[in-house]
Every structure is written in C-alpha cells, then in structure tokens.
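Chemist: Below is run.csv; it holds CSV, C-alpha atoms and all ligand atoms.
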chain,number,residue,atom,x,y,z
E,1173,MET,CA,2.5,-3.3,1.9
E,1174,LEU,CA,3.3,-6.9,1.4
E,1175,ILE,CA,3.3,-8.8,-1.9
E,1176,ARG,CA,3.6,-12.6,-2.2
E,1177,LYS,CA,4.8,-14.8,-5.1
E,1178,LEU,CA,4.3,-18.6,-5.0
E,1179,PHE,CA,6.9,-21.1,-6.4
E,1180,LYS,CA,6.8,-24.9,-6.4
E,1181,PHE,CA,9.4,-27.6,-6.5
E,1182,GLU,CA,9.6,-31.4,-6.0
E,1183,GLY,CA,12.4,-32.3,-3.7
E,1184,ALA,CA,13.9,-35.2,-1.8
E,1185,HIS,CA,15.5,-35.3,1.7
E,1186,ILE,CA,16.1,-37.1,4.9
E,1187,VAL,CA,15.9,-35.1,8.2
E,1188,ARG,CA,18.2,-36.8,10.6
E,1189,ASN,CA,17.5,-36.8,14.4
E,1190,CYS,CA,13.8,-35.7,14.1
E,1191,SER,CA,11.1,-37.5,16.0
E,1192,THR,CA,9.2,-38.9,13.0
E,1193,ARG,CA,10.9,-42.2,12.1
E,1194,ARG,CA,9.8,-42.1,8.4
E,1195,CYS,CA,11.3,-38.6,8.1
E,1196,ALA,CA,14.6,-39.4,9.9
E,1197,HIS,CA,15.5,-42.7,8.3
E,1198,SER,CA,13.9,-42.9,4.8
E,1199,LEU,CA,14.7,-40.9,1.7
E,1200,HIS,CA,11.4,-39.3,0.8
E,1201,GLY,CA,10.0,-36.4,-1.3
E,1202,HIS,CA,7.6,-33.5,-1.0
E,1203,SER,CA,5.8,-31.2,-3.4
E,1204,TYR,CA,7.1,-28.1,-1.8
E,1205,LYS,CA,5.5,-24.7,-2.1
E,1206,VAL,CA,7.6,-21.6,-1.4
E,1207,GLU,CA,6.0,-18.3,-0.7
E,1208,VAL,CA,8.3,-15.2,-1.1
E,1209,LEU,CA,6.9,-12.2,0.7
E,1210,LEU,CA,8.3,-8.8,-0.2
E,1211,GLN,CA,7.7,-5.6,1.7
E,1212,ALA,CA,7.9,-1.9,0.8
E,1213,ASP,CA,6.3,1.4,1.8
E,1214,ALA,CA,6.5,2.9,-1.8
E,1215,LEU,CA,5.6,1.8,-5.3
E,1216,ASP,CA,7.6,1.7,-8.5
E,1217,HIS,CA,6.9,3.5,-11.8
E,1218,GLY,CA,4.3,0.8,-12.5
E,1219,GLN,CA,2.6,1.4,-9.1
E,1220,MET,CA,3.8,-1.9,-7.8
E,1221,VAL,CA,5.9,-2.9,-4.8
E,1222,TYR,CA,8.0,-5.2,-7.1
E,1223,ASP,CA,6.8,-6.5,-10.5
E,1224,PHE,CA,6.0,-10.2,-10.1
E,1225,GLY,CA,7.7,-10.8,-13.4
E,1226,LEU,CA,11.1,-9.8,-12.0
E,1227,LEU,CA,10.9,-12.8,-9.7
E,1228,LYS,CA,11.0,-15.1,-12.7
E,1229,GLY,CA,14.8,-14.6,-13.2
E,1230,HIS,CA,17.4,-15.4,-10.6
E,1231,VAL,CA,14.9,-15.8,-7.8
E,1232,ARG,CA,13.0,-18.5,-9.7
E,1233,ASP,CA,16.3,-20.2,-10.8
E,1234,PHE,CA,17.5,-20.4,-7.1
E,1235,ILE,CA,14.3,-22.0,-6.0
E,1236,ASP,CA,14.1,-24.3,-9.1
E,1237,ALA,CA,17.6,-25.5,-8.2
E,1238,PHE,CA,15.8,-27.6,-5.6
E,1239,ASP,CA,13.4,-29.2,-8.1
E,1240,HIS,CA,14.0,-32.9,-8.7
E,1241,ALA,CA,17.1,-32.6,-6.5
E,1242,VAL,CA,18.1,-34.3,-3.3
E,1243,ALA,CA,19.1,-31.8,-0.5
E,1244,PHE,CA,21.3,-33.2,2.2
E,1245,TRP,CA,23.0,-31.9,5.3
E,1246,GLU,CA,26.8,-31.7,4.9
E,1247,LYS,CA,27.2,-33.5,8.3
E,1248,ASP,CA,25.1,-36.5,7.2
E,1249,ASP,CA,26.8,-39.9,6.9
E,1250,PRO,CA,29.5,-39.7,4.3
E,1251,THR,CA,28.3,-42.9,2.7
E,1252,TYR,CA,24.8,-41.4,2.3
E,1253,ILE,CA,26.2,-38.2,0.8
E,1254,GLN,CA,28.4,-40.2,-1.6
E,1255,GLN,CA,25.5,-42.2,-2.8
E,1256,CYS,CA,23.3,-39.2,-3.2
E,1257,LYS,CA,25.9,-37.7,-5.4
E,1258,GLN,CA,26.4,-41.0,-7.3
E,1259,PHE,CA,22.7,-41.7,-8.0
E,1260,SER,CA,21.3,-38.2,-8.3
E,1261,GLU,CA,23.0,-35.6,-10.6
E,1262,ARG,CA,20.9,-32.9,-9.0
E,1263,TRP,CA,22.0,-32.5,-5.4
E,1264,ILE,CA,22.5,-29.6,-3.0
E,1265,SER,CA,24.7,-29.8,0.0
E,1266,LEU,CA,23.5,-27.7,2.9
E,1267,PRO,CA,25.2,-26.5,6.1
E,1268,VAL,CA,22.0,-27.3,8.0
E,1269,SER,CA,19.6,-30.2,7.9
E,1270,PRO,CA,16.9,-29.9,5.2
E,1271,SER,CA,13.9,-29.5,7.5
E,1272,ALA,CA,11.1,-27.1,6.4
E,1273,GLU,CA,12.5,-24.7,9.0
E,1274,GLN,CA,16.0,-24.8,7.8
E,1275,LEU,CA,15.0,-24.7,4.1
E,1276,SER,CA,13.1,-21.5,4.8
E,1277,ARG,CA,16.2,-20.0,6.4
E,1278,VAL,CA,18.4,-21.1,3.5
E,1279,PHE,CA,16.0,-19.5,1.0
E,1280,PHE,CA,15.8,-16.3,3.2
E,1281,HIS,CA,19.6,-16.0,3.1
E,1282,LEU,CA,19.8,-16.7,-0.6
E,1283,LEU,CA,17.0,-14.4,-1.7
E,1284,ASP,CA,17.9,-11.6,0.8
E,1285,ALA,CA,21.5,-11.5,-0.5
E,1286,LEU,CA,20.2,-11.5,-4.1
E,1287,LEU,CA,17.7,-8.6,-3.4
E,1288,THR,CA,20.2,-6.5,-1.6
E,1289,SER,CA,22.7,-7.0,-4.4
E,1290,THR,CA,20.2,-5.9,-7.0
E,1291,ASP,CA,20.1,-2.4,-8.6
E,1292,MET,CA,16.5,-1.4,-9.1
E,1293,ALA,CA,15.6,-0.3,-12.6
E,1294,ASN,CA,12.1,0.9,-12.5
E,1295,GLY,CA,11.8,3.2,-9.4
E,1296,GLU,CA,11.4,0.4,-6.9
E,1297,SER,CA,12.2,1.8,-3.5
E,1298,GLY,CA,12.9,0.2,-0.1
E,1299,VAL,CA,11.9,-3.3,-1.2
E,1300,CYS,CA,13.0,-5.9,1.3
E,1301,LEU,CA,12.4,-9.5,2.0
E,1302,HIS,CA,9.7,-9.9,4.7
E,1303,SER,CA,9.7,-13.6,5.1
E,1304,ILE,CA,9.8,-17.0,3.4
E,1305,ILE,CA,7.2,-19.7,3.9
E,1306,ILE,CA,8.0,-23.3,3.0
E,1307,HIS,CA,5.0,-25.7,2.7
E,1308,GLU,CA,6.4,-29.2,3.0
E,1309,THR,CA,3.0,-30.8,2.8
E,1310,ASP,CA,-0.6,-29.5,2.4
E,1311,THR,CA,-0.8,-29.4,6.2
E,1312,GLY,CA,2.6,-28.2,7.5
E,1313,TYR,CA,4.7,-25.1,6.8
E,1314,ALA,CA,7.6,-23.1,8.3
E,1315,GLN,CA,7.9,-19.3,8.0
E,1316,CYS,CA,11.3,-17.6,8.4
E,1317,PHE,CA,11.5,-13.9,9.3
E,1318,ARG,CA,14.7,-11.9,9.4
E,1319,GLU,CA,15.3,-12.6,13.1
E,1320,ASP,CA,15.1,-16.3,12.4
E,1321,ALA,CA,17.5,-16.2,9.5
E,1322,CYS,CA,20.1,-14.6,11.7
E,1323,ASN,CA,19.3,-16.5,14.9
E,1324,PRO,CA,22.5,-18.4,16.0
E,1325,ASN,CA,20.4,-20.6,18.2
E,1326,MET,CA,19.1,-22.1,14.9
E,1327,GLY,CA,22.5,-22.6,13.5
E,1328,ALA,CA,24.6,-19.9,12.0
E,1329,PHE,CA,25.8,-20.5,8.4
E,1330,GLU,CA,27.2,-18.6,5.4
E,1331,LEU,CA,26.0,-18.8,1.8
E,1332,LYS,CA,29.4,-20.1,0.7
E,1333,GLN,CA,28.7,-23.3,2.6
E,1334,ILE,CA,25.9,-24.2,0.2
E,1335,ARG,CA,26.9,-26.3,-2.8
E,1336,PHE,CA,24.8,-26.8,-5.9
E,1337,SER,CA,25.8,-29.7,-8.2
E,1338,GLU,CA,27.2,-28.8,-11.6
E,1339,PRO,CA,24.1,-30.1,-13.5
E,1340,ILE,CA,22.0,-27.7,-11.4
E,1341,GLN,CA,24.2,-24.8,-12.2
E,1342,ASN,CA,24.2,-25.7,-15.9
E,1343,GLU,CA,20.5,-25.2,-16.1
E,1344,TRP,CA,20.6,-21.6,-14.7
E,1345,ALA,CA,20.1,-18.9,-17.3
E,1346,ASP,CA,23.1,-17.2,-15.6
E,1347,ARG,CA,25.4,-20.2,-14.8
E,1348,GLN,CA,27.6,-18.0,-12.7
E,1349,MET,CA,24.9,-16.4,-10.6
E,1350,PHE,CA,25.8,-18.1,-7.3
E,1351,ALA,CA,29.5,-17.4,-7.8
E,1352,ARG,CA,28.7,-13.8,-8.6
E,1353,LEU,CA,26.5,-13.5,-5.5
E,1354,LEU,CA,29.2,-14.9,-3.3
E,1355,ALA,CA,31.7,-12.5,-4.9
E,1356,GLY,CA,29.5,-9.5,-4.1
E,1357,GLU,CA,28.7,-8.6,-7.7
E,1358,ARG,CA,25.8,-6.4,-8.5
E,1359,PHE,CA,22.7,-7.6,-10.3
E,1360,THR,CA,20.0,-5.6,-12.2
E,1361,ASN,CA,16.3,-6.4,-12.1
E,1362,GLU,CA,15.7,-6.1,-15.8
E,1363,PRO,CA,12.8,-8.5,-16.7
E,1364,PRO,CA,14.0,-11.9,-17.9
E,1365,ALA,CA,14.1,-12.5,-21.7
G,1401,LIG,N1,8.4,-29.0,12.3
G,1401,LIG,C1,8.7,-30.0,11.3
G,1401,LIG,N2,8.1,-31.2,11.5
G,1401,LIG,C2,8.3,-32.1,10.6
G,1401,LIG,C3,9.1,-31.8,9.4
G,1401,LIG,C4,9.7,-30.6,9.3
G,1401,LIG,O1,10.4,-30.2,8.3
G,1401,LIG,N3,9.4,-29.7,10.3
G,1401,LIG,N4,9.3,-32.8,8.4
G,1401,LIG,C5,8.7,-34.0,8.5
G,1401,LIG,C6,8.8,-34.9,7.4
G,1401,LIG,O2,9.5,-34.5,6.3
G,1401,LIG,C7,7.4,-35.4,6.9
G,1401,LIG,O3,7.5,-36.1,5.7
G,1401,LIG,C8,6.3,-34.5,6.9
G,1401,LIG,O4,5.6,-34.7,8.1
G,1401,LIG,P1,4.0,-34.7,8.3
G,1401,LIG,O5,3.5,-33.3,8.2
G,1401,LIG,O6,3.8,-35.5,9.5
G,1401,LIG,O7,3.6,-35.4,7.0
G,1401,LIG,P2,2.3,-36.3,6.7
G,1401,LIG,O8,2.1,-36.3,5.2
G,1401,LIG,O9,2.4,-37.7,7.3
G,1401,LIG,O10,1.2,-35.5,7.5
G,1401,LIG,P3,-0.4,-35.3,7.1
G,1401,LIG,O11,-0.9,-34.8,8.5
G,1401,LIG,O12,-0.9,-36.6,6.7
G,1401,LIG,O13,-0.4,-34.3,6.1
G,1401,LIG,C9,8.1,-34.4,9.8
G,1401,LIG,N5,7.8,-33.4,10.7
Rewrite the structure of this file - the entire thing - as structure tokens.
Modeler:
Amino acid sequence: MLIRKLFKFEGAHIVRNCSTRRCAHSLHGHSYKVEVLLQADALDHGQMVYDFGLLKGHVRDFIDAFDHAVAFWEKDDPTYIQQCKQFSERWISLPVSPSAEQLSRVFFHLLDALLTSTDMANGESGVCLHSIIIHETDTGYAQCFREDACNPNMGAFELKQIRFSEPIQNEWADRQMFARLLAGERFTNEPPA
C-alpha cells in the first residue's frame, strides 16, 4: 500500500544550461509542492502504514529548510554563489543543479537516509520510501524513484555534499539533525511535541 503526504515551500533558484532562457539566466522562485510517498505491506498498531503526524518532525524540517531559501549548484559561478550567500541568509548549496528532477533526487536521498536511520516505535513494519514528487509549477513535476536516486547517469552525489546555511539549521527543532544523519546516528519516530 502507498500513502502520500504533501508539503509545500517557496524557493528560489537558477537552473544553468537548461533550454528555457528565463530559467537559466534569471533568479526566480516557485511555490513548490513536495509529495512524499511511503510504501509498506503491513500496518502499525494504529492500522496505518505510517502515521502522517510522524512526518511533521525531521521530515518536515528537512523540506522546510528550502522555504524562503535560495538553492544553488555548488558548481555555479563563484560570484553568484558569493552573492547568494551575502544577500540571502537562507541558502542551500547542492552538488547538483536545482532542477525539479535533481531536487526530487536530493529529497529522495535525504528522506530515505532519515527513514532507514529511524527506529520504529509503534509497530511500523517494512516502511520504505517509494518516491518523491516535486511540483515546480501547477503544470510541471518530476518524480524520483529509487532507481533514479541511485542512477549515476543523473549525477552521483553524497549527502555530505549538501550544505544548509547556519540560519536554516538554527530553525530546526533538532539543530544537529543533519550532522547526526551524516554521522549515522539513529532516530526514533516519536511524534513531535
Ligand atoms: N524538465 C524540467 N523543465 C523545466 C524545469 C525543470 O526543473 N525541469 N524548470 C524550468 C523553470 O524553472 C521554469 O520556471 C518552469 O518552467 P515552465 O513549466 O515552463 O513554467 P511556466 O510557468 O512558464 O509554465 P506554464 O505552462 O505557464 O505553467 C523550466 N523547465
């Protein structure tokens, strides 16, 4: 069975080298929608695949990191990167360009690592990330499945190459959550306070 939780954020980017000139050469924003699809063939003690409320902790914080933030490719022009950092305190440096396709891969890697690092507390069993859908506009979306997240033809990267600015991390309920994830620490899926 599949369940789906929808998140939203307002984000800014430039996608270099794409065919659409406005997209490649002008900083612009989108009201993104992110669909997180989870899969399991068993139910927890509440007869759910995974309580939607559990996704309002670390998962929501990782997605909300991109809200009112500029996401840029680490290989973009150093002057552009320097100015992004200078004029936006909320920035995210990515090892891939921030197209809808690559953002869906970034979220897949982040949330998959989080889910596999989480000890289940209410009988959840075999819950895995099925896919991530990123709606960049009302009319266009990208959907990342596991095979896409790991596809070297789309650009291999590691989570440690993602950088969240300090002001973004300061807003997380668990300021250390990304560092803990990178360090391989375990999380529990207790409901957020
Ligand atoms: N496959 C992709 N194509 C485009 C992406 C992308 O991430 N993946 N991104 C863009 C731009 O960011 C652009 O702002 C969105 O493009 P588009 O859908 O053309 O946006 P419009 O609002 O102009 O389109 P409507 O048809 O009016 O909704 C470009 N392409």
Chemist: So the first atom is atom O11 of ligand LIG 1401 (chain G) and the second is atom CA of E:Thr1311; what is the distance between them in Å, to one decimal place?
Modeler: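 Between these atoms lies a distance of 5.9 Å.
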Chemist: Around ligand LIG 1401 (chain G), which protein and nucleic acid residues have at least one atom no more than 7 Å from it, if we count all atoms listed in the file? List them as an MDAnalysis selection string.
Modeler: chainID E and resid 1187 1192 1194:1195 1271:1273 1308:1312
Chemist: For a quick check of your reading of the model, name the residues lying within 7 Å of the coordinate (14.5, -35.4, 2.5), counting all atoms listed in the file, and write them as a list of chain:residue names.
Modeler: E:Ala1184, E:His1185, E:Ile1186, E:Val1187, E:Leu1199, E:His1200, E:Gly1201, E:Val1242, E:Ala1243, E:Pro1270
Chemist: Please, which residues in stretch 1187-1263 of chain E fall within 7 Å of stretch 1324-1337 of chain E when counting all atoms listed in the file, and what is the closest atom pair and distance in Å to one decimal for each, ordered by chain then residue number, as a Markdown table?
Modeler:
| residue | atom | partner | partner_atom | distance |
| --- | --- | --- | --- | --- |
| E:Glu1261 | CA | E:Ser1337 | CA | 7.0 |
| E:Arg1262 | CA | E:Ser1337 | CA | 5.9 |
| E:Trp1263 | CA | E:Ser1337 | CA | 5.5 |
Chemist: I need the residues from that last selection saved to file as a JSON list (two decimals), keeping the file's coordinate frame (with C-alpha atoms), if you can.
Modeler:
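Output contents, as saved in result06.json:
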[["chain", "number", "residue", "atom", "x", "y", "z"],
["E", 1261, "GLU", "CA", 23.00, -35.60, -10.60],
["E", 1262, "ARG", "CA", 20.90, -32.90, -9.00],
["E", 1263, "TRP", "CA", 22.00, -32.50, -5.40]]
Chemist: Need the neighbours of (18.3, -1.8, -12.1): which residues are at most 10 Å away, counting only C-alpha atoms, as a list in words?
Modeler: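 Within the cut-off we find Thr1290, Asp1291, Met1292, Ala1293, Asn1294, Gly1295, Glu1296, Arg1358, Phe1359, Thr1360, Asn1361, Glu1362 and Pro1363 of chain E.
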Chemist: Find the residue from E:Asn1189, E:Glu1343, E:Leu1174, E:Leu1215 that sits nearest to E:Arg1232; use all atoms listed in the file when measuring.
Modeler: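 Ranked by minimum distance to E:Arg1232, first place goes to E:Glu1343.
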Chemist: Got a sec: who's within 8 Å of E:Ser1269, counting only C-alpha atoms, leaving out chain neighbours fewer than 3 positions off, as a tab-separated table (two decimals) with C-alpha atoms, in the coordinates of the input?
Modeler:
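Result file follows (part-v6.tsv):
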chain	number	residue	atom	x	y	z
E	1187	VAL	CA	15.90	-35.10	8.20
E	1188	ARG	CA	18.20	-36.80	10.60
E	1244	PHE	CA	21.30	-33.20	2.20
E	1245	TRP	CA	23.00	-31.90	5.30
E	1246	GLU	CA	26.80	-31.70	4.90
E	1266	LEU	CA	23.50	-27.70	2.90
E	1274	GLN	CA	16.00	-24.80	7.80
Chemist: What is the distance between atom CA of E:Ala1345 and atom CA of E:Cys1322, in Å to one decimal?
Modeler: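 Interatomic distance, atom CA of E:Ala1345 to atom CA of E:Cys1322: 29.3 Å.
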Chemist: Measure the distance from atom CA of E:Asp1239 to atom CA of E:Arg1347 in Å and round it to one decimal.
Modeler: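 According to the coordinates, atom CA of E:Asp1239 and atom CA of E:Arg1347 are separated by 16.4 Å.
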Chemist: Write out as a ChimeraX atom specification which residues come within 7 Å of E:Leu1209 when counting all atoms listed in the file, dropping same-chain ones fewer than 6 positions away.
Modeler: /E:1174-1177,1301-1304
Chemist: Determine the nearest neighbour of E:Ala1196 from the options E:Glu1357, E:Asp1346, E:Asp1248, E:Asp1284, counting all atoms listed in the file.
Modeler: E:Asp1248
Chemist: Point out the residue among E:Leu1287, E:His1281, E:Phe1350, E:Gly1298 with the least atom-to-atom distance to E:Asn1323, counting all atoms listed in the file.
Modeler: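 Result for the nearest residue to E:Asn1323: E:His1281.
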Chemist: Find the residue from E:Lys1257, E:His1217, E:Arg1277, E:His1240 that sits nearest to E:Ile1306; use all atoms listed in the file when measuring.
Modeler: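 Distance minimum relative to E:Ile1306 lands on E:Arg1277.
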Chemist: I'd like to know which of E:Ile1305, E:Lys1247, E:His1230, E:Asp1213 is closest to E:Ser1289, using only C-alpha atoms.
Modeler: E:His1230
Chemist: Any chance you could build stretch 1281-1299 of chain E out to N, CA and C atoms and write it as a PDB file, in the coordinates of the input?
Modeler:
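Ended up saving to selection20.pdb:
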ATOM      1  N   HIS E1281      18.201 -16.481   3.323  1.00  0.00           N
ATOM      2  CA  HIS E1281      19.600 -16.000   3.100  1.00  0.00           C
ATOM      3  C   HIS E1281      19.881 -15.764   1.646  1.00  0.00           C
ATOM      4  N   LEU E1282      19.533 -16.753   0.833  1.00  0.00           N
ATOM      5  CA  LEU E1282      19.800 -16.700  -0.600  1.00  0.00           C
ATOM      6  C   LEU E1282      19.129 -15.477  -1.250  1.00  0.00           C
ATOM      7  N   LEU E1283      17.818 -15.386  -1.018  1.00  0.00           N
ATOM      8  CA  LEU E1283      17.000 -14.400  -1.700  1.00  0.00           C
ATOM      9  C   LEU E1283      17.261 -12.978  -1.125  1.00  0.00           C
ATOM     10  N   ASP E1284      17.552 -12.921   0.166  1.00  0.00           N
ATOM     11  CA  ASP E1284      17.900 -11.600   0.800  1.00  0.00           C
ATOM     12  C   ASP E1284      19.183 -11.082   0.194  1.00  0.00           C
ATOM     13  N   ALA E1285      20.173 -11.967   0.057  1.00  0.00           N
ATOM     14  CA  ALA E1285      21.500 -11.500  -0.500  1.00  0.00           C
ATOM     15  C   ALA E1285      21.251 -11.080  -1.967  1.00  0.00           C
ATOM     16  N   LEU E1286      20.416 -11.811  -2.699  1.00  0.00           N
ATOM     17  CA  LEU E1286      20.200 -11.500  -4.100  1.00  0.00           C
ATOM     18  C   LEU E1286      19.467 -10.089  -4.189  1.00  0.00           C
ATOM     19  N   LEU E1287      18.463  -9.889  -3.356  1.00  0.00           N
ATOM     20  CA  LEU E1287      17.700  -8.600  -3.400  1.00  0.00           C
ATOM     21  C   LEU E1287      18.583  -7.446  -3.029  1.00  0.00           C
ATOM     22  N   THR E1288      19.400  -7.617  -2.006  1.00  0.00           N
ATOM     23  CA  THR E1288      20.200  -6.500  -1.600  1.00  0.00           C
ATOM     24  C   THR E1288      21.394  -6.249  -2.547  1.00  0.00           C
ATOM     25  N   SER E1289      21.654  -7.217  -3.427  1.00  0.00           N
ATOM     26  CA  SER E1289      22.700  -7.000  -4.400  1.00  0.00           C
ATOM     27  C   SER E1289      22.126  -6.556  -5.774  1.00  0.00           C
ATOM     28  N   THR E1290      20.842  -6.263  -5.792  1.00  0.00           N
ATOM     29  CA  THR E1290      20.200  -5.900  -7.000  1.00  0.00           C
ATOM     30  C   THR E1290      19.929  -4.409  -7.176  1.00  0.00           C
ATOM     31  N   ASP E1291      20.390  -3.844  -8.295  1.00  0.00           N
ATOM     32  CA  ASP E1291      20.100  -2.400  -8.600  1.00  0.00           C
ATOM     33  C   ASP E1291      18.718  -2.351  -9.206  1.00  0.00           C
ATOM     34  N   MET E1292      17.902  -1.520  -8.626  1.00  0.00           N
ATOM     35  CA  MET E1292      16.500  -1.400  -9.100  1.00  0.00           C
ATOM     36  C   MET E1292      16.437  -0.541 -10.333  1.00  0.00           C
ATOM     37  N   ALA E1293      15.639  -0.979 -11.306  1.00  0.00           N
ATOM     38  CA  ALA E1293      15.600  -0.300 -12.600  1.00  0.00           C
ATOM     39  C   ALA E1293      14.356   0.426 -12.939  1.00  0.00           C
ATOM     40  N   ASN E1294      13.342   0.275 -12.106  1.00  0.00           N
ATOM     41  CA  ASN E1294      12.100   0.900 -12.500  1.00  0.00           C
ATOM     42  C   ASN E1294      11.447   1.670 -11.287  1.00  0.00           C
ATOM     43  N   GLY E1295      12.322   2.309 -10.506  1.00  0.00           N
ATOM     44  CA  GLY E1295      11.800   3.200  -9.400  1.00  0.00           C
ATOM     45  C   GLY E1295      11.386   2.412  -8.181  1.00  0.00           C
ATOM     46  N   GLU E1296      11.726   1.107  -8.105  1.00  0.00           N
ATOM     47  CA  GLU E1296      11.400   0.400  -6.900  1.00  0.00           C
ATOM     48  C   GLU E1296      12.174   0.982  -5.719  1.00  0.00           C
ATOM     49  N   SER E1297      11.522   1.068  -4.572  1.00  0.00           N
ATOM     50  CA  SER E1297      12.200   1.800  -3.500  1.00  0.00           C
ATOM     51  C   SER E1297      11.931   1.019  -2.141  1.00  0.00           C
ATOM     52  N   GLY E1298      13.038   0.790  -1.430  1.00  0.00           N
ATOM     53  CA  GLY E1298      12.900   0.200  -0.100  1.00  0.00           C
ATOM     54  C   GLY E1298      12.325  -1.199  -0.086  1.00  0.00           C
ATOM     55  N   VAL E1299      12.498  -1.934  -1.185  1.00  0.00           N
ATOM     56  CA  VAL E1299      11.900  -3.300  -1.200  1.00  0.00           C
ATOM     57  C   VAL E1299      12.788  -4.218  -0.392  1.00  0.00           C
TER      58      VAL E1299
END
